[in-house]
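Visitor: start_31.cif (mmCIF, C-alpha atoms) pasted underneath:
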```cif
data_target
loop_
_atom_site.group_PDB
_atom_site.id
_atom_site.type_symbol
_atom_site.label_atom_id
_atom_site.label_comp_id
_atom_site.auth_asym_id
_atom_site.auth_seq_id
_atom_site.Cartn_x
_atom_site.Cartn_y
_atom_site.Cartn_z
ATOM 1 C CA GLN B 1 -32.104 29.633 -32.658
ATOM 2 C CA VAL B 2 -31.868 32.599 -35.001
ATOM 3 C CA LEU B 3 -34.329 33.655 -37.669
ATOM 4 C CA LEU B 4 -32.795 35.316 -40.733
ATOM 5 C CA VAL B 5 -34.833 37.416 -43.158
ATOM 6 C CA ASP B 6 -33.278 38.368 -46.477
ATOM 7 C CA SER B 7 -34.408 41.420 -48.412
ATOM 8 C CA GLY B 8 -33.295 43.904 -51.044
ATOM 9 C CA GLY B 9 -33.396 41.819 -54.180
ATOM 10 C CA GLY B 10 -34.978 42.972 -57.405
ATOM 11 C CA LEU B 11 -34.585 43.541 -61.111
ATOM 12 C CA VAL B 12 -31.688 45.714 -62.228
ATOM 13 C CA GLN B 13 -29.905 46.406 -65.484
ATOM 14 C CA ALA B 14 -26.362 45.238 -66.049
ATOM 15 C CA GLY B 15 -23.934 47.661 -64.453
ATOM 16 C CA GLY B 16 -26.410 48.599 -61.752
ATOM 17 C CA SER B 17 -26.287 48.118 -57.999
ATOM 18 C CA LEU B 18 -28.332 46.515 -55.254
ATOM 19 C CA ARG B 19 -27.870 46.208 -51.516
ATOM 20 C CA LEU B 20 -29.123 43.086 -49.836
ATOM 21 C CA SER B 21 -29.917 42.987 -46.138
ATOM 22 C CA CYS B 22 -30.152 40.087 -43.739
ATOM 23 C CA ALA B 23 -31.982 40.893 -40.519
ATOM 24 C CA ALA B 24 -31.635 38.503 -37.605
ATOM 25 C CA SER B 25 -34.051 37.946 -34.767
ATOM 26 C CA GLY B 26 -33.852 35.634 -31.798
ATOM 27 C CA ARG B 27 -30.346 35.025 -30.535
ATOM 28 C CA THR B 28 -27.484 37.384 -31.233
ATOM 29 C CA ILE B 29 -25.353 36.997 -34.351
ATOM 30 C CA SER B 30 -22.514 39.154 -33.049
ATOM 31 C CA ASN B 31 -20.292 36.172 -32.270
ATOM 32 C CA TYR B 32 -21.037 34.241 -35.465
ATOM 33 C CA ALA B 33 -19.536 34.448 -38.909
ATOM 34 C CA MET B 34 -22.165 35.336 -41.502
ATOM 35 C CA GLY B 35 -22.235 34.480 -45.167
ATOM 36 C CA TRP B 36 -24.069 35.155 -48.394
ATOM 37 C CA PHE B 37 -24.725 32.366 -50.880
ATOM 38 C CA ARG B 38 -26.526 32.284 -54.202
ATOM 39 C CA GLN B 39 -28.220 29.672 -56.316
ATOM 40 C CA ALA B 40 -29.149 30.042 -59.952
ATOM 41 C CA PRO B 41 -31.632 27.714 -61.671
ATOM 42 C CA GLU B 42 -30.201 24.233 -62.243
ATOM 43 C CA LYS B 43 -26.958 25.186 -60.507
ATOM 44 C CA GLU B 44 -25.563 24.316 -57.115
ATOM 45 C CA ARG B 45 -25.620 26.800 -54.278
ATOM 46 C CA GLU B 46 -22.355 28.712 -54.228
ATOM 47 C CA ILE B 47 -20.686 30.846 -51.641
ATOM 48 C CA VAL B 48 -20.471 34.561 -52.423
ATOM 49 C CA ALA B 49 -18.968 36.224 -49.366
ATOM 50 C CA VAL B 50 -18.329 35.552 -45.701
ATOM 51 C CA ILE B 51 -17.507 37.905 -42.832
ATOM 52 C CA ASN B 52 -16.194 36.752 -39.480
ATOM 53 C CA TRP B 53 -17.767 37.739 -36.185
ATOM 54 C CA SER B 54 -15.671 40.881 -35.723
ATOM 55 C CA GLY B 55 -15.659 41.980 -39.337
ATOM 56 C CA ASN B 56 -11.882 41.912 -39.680
ATOM 57 C CA ALA B 57 -11.739 38.837 -41.892
ATOM 58 C CA ILE B 58 -13.678 38.596 -45.133
ATOM 59 C CA TYR B 59 -13.775 36.088 -47.965
ATOM 60 C CA TYR B 60 -15.103 36.744 -51.470
ATOM 61 C CA ALA B 61 -15.620 34.342 -54.312
ATOM 62 C CA ASP B 62 -13.379 35.220 -57.235
ATOM 63 C CA SER B 63 -16.409 35.968 -59.389
ATOM 64 C CA VAL B 64 -17.480 38.886 -57.179
ATOM 65 C CA LYS B 65 -14.181 40.298 -55.947
ATOM 66 C CA GLY B 66 -13.957 44.030 -56.517
ATOM 67 C CA ARG B 67 -17.702 44.326 -57.148
ATOM 68 C CA PHE B 68 -19.409 43.065 -53.985
ATOM 69 C CA ALA B 69 -18.850 44.092 -50.376
ATOM 70 C CA ILE B 70 -20.124 42.315 -47.285
ATOM 71 C CA SER B 71 -20.528 44.174 -44.018
ATOM 72 C CA ARG B 72 -22.268 43.776 -40.702
ATOM 73 C CA ASP B 73 -23.818 45.909 -38.004
ATOM 74 C CA ASN B 74 -23.922 43.746 -34.896
ATOM 75 C CA ALA B 75 -25.884 46.329 -32.933
ATOM 76 C CA LYS B 76 -28.640 46.128 -35.533
ATOM 77 C CA LYS B 77 -28.218 42.356 -35.976
ATOM 78 C CA THR B 78 -27.993 42.924 -39.701
ATOM 79 C CA VAL B 79 -25.617 41.815 -42.426
ATOM 80 C CA TYR B 80 -25.384 43.540 -45.792
ATOM 81 C CA LEU B 81 -24.197 42.669 -49.270
ATOM 82 C CA GLN B 82 -23.514 45.668 -51.482
ATOM 83 C CA MET B 83 -23.463 44.549 -55.098
ATOM 84 C CA ASN B 84 -22.073 46.901 -57.714
ATOM 85 C CA ASN B 85 -21.451 46.555 -61.445
ATOM 86 C CA LEU B 86 -23.922 43.698 -61.588
ATOM 87 C CA LYS B 87 -23.758 41.235 -64.454
ATOM 88 C CA PRO B 88 -26.433 38.930 -65.889
ATOM 89 C CA GLU B 89 -24.504 35.961 -64.487
ATOM 90 C CA ASP B 90 -25.099 37.347 -60.986
ATOM 91 C CA SER B 91 -28.802 36.544 -61.365
ATOM 92 C CA ALA B 92 -29.800 34.064 -58.658
ATOM 93 C CA VAL B 93 -31.612 33.669 -55.387
ATOM 94 C CA TYR B 94 -29.369 35.056 -52.675
ATOM 95 C CA TYR B 95 -29.383 33.586 -49.171
ATOM 96 C CA CYS B 96 -27.739 34.758 -45.999
ATOM 97 C CA ALA B 97 -26.593 32.223 -43.446
ATOM 98 C CA ALA B 98 -25.186 32.058 -39.928
ATOM 99 C CA ASP B 99 -22.198 29.931 -38.903
ATOM 100 C CA ARG B 100 -22.800 26.847 -36.770
ATOM 101 C CA ARG B 101 -19.814 27.785 -34.589
ATOM 102 C CA THR B 102 -19.064 30.871 -32.558
ATOM 103 C CA TRP B 103 -15.985 33.070 -32.647
ATOM 104 C CA ARG B 104 -14.628 31.735 -35.961
ATOM 105 C CA THR B 105 -11.790 33.995 -37.066
ATOM 106 C CA VAL B 106 -10.676 32.474 -40.399
ATOM 107 C CA VAL B 107 -13.416 32.265 -42.989
ATOM 108 C CA ASP B 108 -11.548 31.471 -46.216
ATOM 109 C CA ALA B 109 -12.378 27.767 -46.414
ATOM 110 C CA MET B 110 -15.994 27.733 -45.304
ATOM 111 C CA GLY B 111 -18.705 25.902 -47.154
ATOM 112 C CA ALA B 112 -22.461 25.581 -46.968
ATOM 113 C CA SER B 113 -22.220 22.758 -44.416
ATOM 114 C CA ASP B 114 -20.571 25.153 -41.942
ATOM 115 C CA PHE B 115 -23.731 27.237 -41.750
ATOM 116 C CA GLY B 116 -26.682 26.203 -39.638
ATOM 117 C CA SER B 117 -29.295 28.905 -40.092
ATOM 118 C CA TRP B 118 -30.510 30.240 -43.438
ATOM 119 C CA GLY B 119 -32.649 33.065 -44.686
ATOM 120 C CA GLN B 120 -35.538 32.472 -47.044
ATOM 121 C CA GLY B 121 -33.715 33.973 -50.009
ATOM 122 C CA THR B 122 -34.194 37.070 -52.141
ATOM 123 C CA GLN B 123 -34.268 37.049 -55.930
ATOM 124 C CA VAL B 124 -31.752 39.115 -57.874
ATOM 125 C CA THR B 125 -32.280 39.436 -61.602
ATOM 126 C CA VAL B 126 -29.828 41.327 -63.788
ATOM 127 C CA SER B 127 -30.937 42.134 -67.311
ATOM 128 C CA SER B 128 -28.491 42.628 -70.154
#
```
Translate the structure described by the file into structure tokens.

Guide:
Amino acid sequence: QVLLVDSGGGLVQAGGSLRLSCAASGRTISNYAMGWFRQAPEKEREIVAVINWSGNAIYYADSVKGRFAISRDNAKKTVYLQMNNLKPEDSAVYYCAADRRTWRTVVDAMGASDFGSWGQGTQVTVSS
């Protein structure tokens, strides 16, 4: 079992930046794909970005391409989401999650049901 703790959210003006962190404890995450999701009020949870276990395959939702960057430091058991040029529509609770399977190489078609462990979420609010 892995425990994921999300942090780094906050209030930022449009055009600003934030870096979210997801710290894992318990078992290793080095052989698991990791993802970031977000959920705005009265909306479904949506995938934002996913990185495979080695970091050489990454998926981004179209809405964040070119603005967000996911990365991981397996030695530190931490996954990051750098968010630049933030927009009010990026406001949501952001969650990190760990894949149910190990050694997944292709991450383009993953959904929430593929992830078995979730962080508690961190609020991101972007003001206009």

Visitor: Which is closest to Gly55 (chain B) among B:Ala14, B:Val2, B:Val124, B:Val107, if we use all atoms listed in the file?

Guide: B:Val107

Visitor: Rounded to one decimal in Å, what is the spacing between CA of Leu4 (chain B) and CA of Ile29 (chain B)?

Guide: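 Taking CA of Leu4 (chain B) as the start and CA of Ile29 (chain B) as the end point, the length is 9.9 Å.
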
Visitor: As a PyMOL selection string, please: the residues near Ala97 (chain B) (cut-off 7 Å, all atoms listed in the file, same-chain neighbours under 4 positions excluded).

Guide: chain B and resi 34-36+115+117-119

Visitor: Quick check, in Å to one decimal: how far apart do CA of Ser25 (chain B) and CA of Arg101 (chain B) lie?

Guide: 17.5 Å

Visitor: Using only C-alpha atoms, determine which residues lie at most 12 Å from region 90-93 of chain B, disregarding the query and same-chain residues fewer than 4 positions distant; provide the list as a PyMOL selection string.

Guide: chain B and resi 6-18+20+36-48+61+63-64+67-68+83-86+119-128

Visitor: Rank B:Asp114, B:Lys77, B:Pro88, B:Gln82 by their smallest atom-to-atom distance to Thr28 (chain B), using all atoms listed in the file, and report the top residue only.

Guide: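 Ranked by minimum distance to Thr28 (chain B), first place goes to B:Lys77.
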
Visitor: CA of Ala57 (chain B) and CA of Leu3 (chain B) are how many Å apart?

Guide: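 Interatomic distance, CA of Ala57 (chain B) to CA of Leu3 (chain B): 23.6 Å.
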
Visitor: Which residues match the PyMOL selection byres ((chain B and resi 51) around 8) in the file above, as a PyMOL selection string?

Guide: chain B and resi 33-35+49-50+52-59+70-72+107

Visitor: Find the residue from B:Ser30, B:Met110, B:Val5, B:Thr102 that sits nearest to Ala75 (chain B); use all atoms listed in the file when measuring.

Guide: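 Of B:Ser30, B:Met110, B:Val5, B:Thr102, the one nearest Ala75 (chain B) is B:Ser30, counting all atoms listed in the file.
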
Visitor: Name the closest residue to Ala23 (chain B) among the candidates B:Tyr60, B:Asp73, B:Thr78, B:Ala98; distances are taken between atoms, counting only C-alpha atoms.

Guide: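 That would be B:Thr78, the residue with the smallest distance to Ala23 (chain B).
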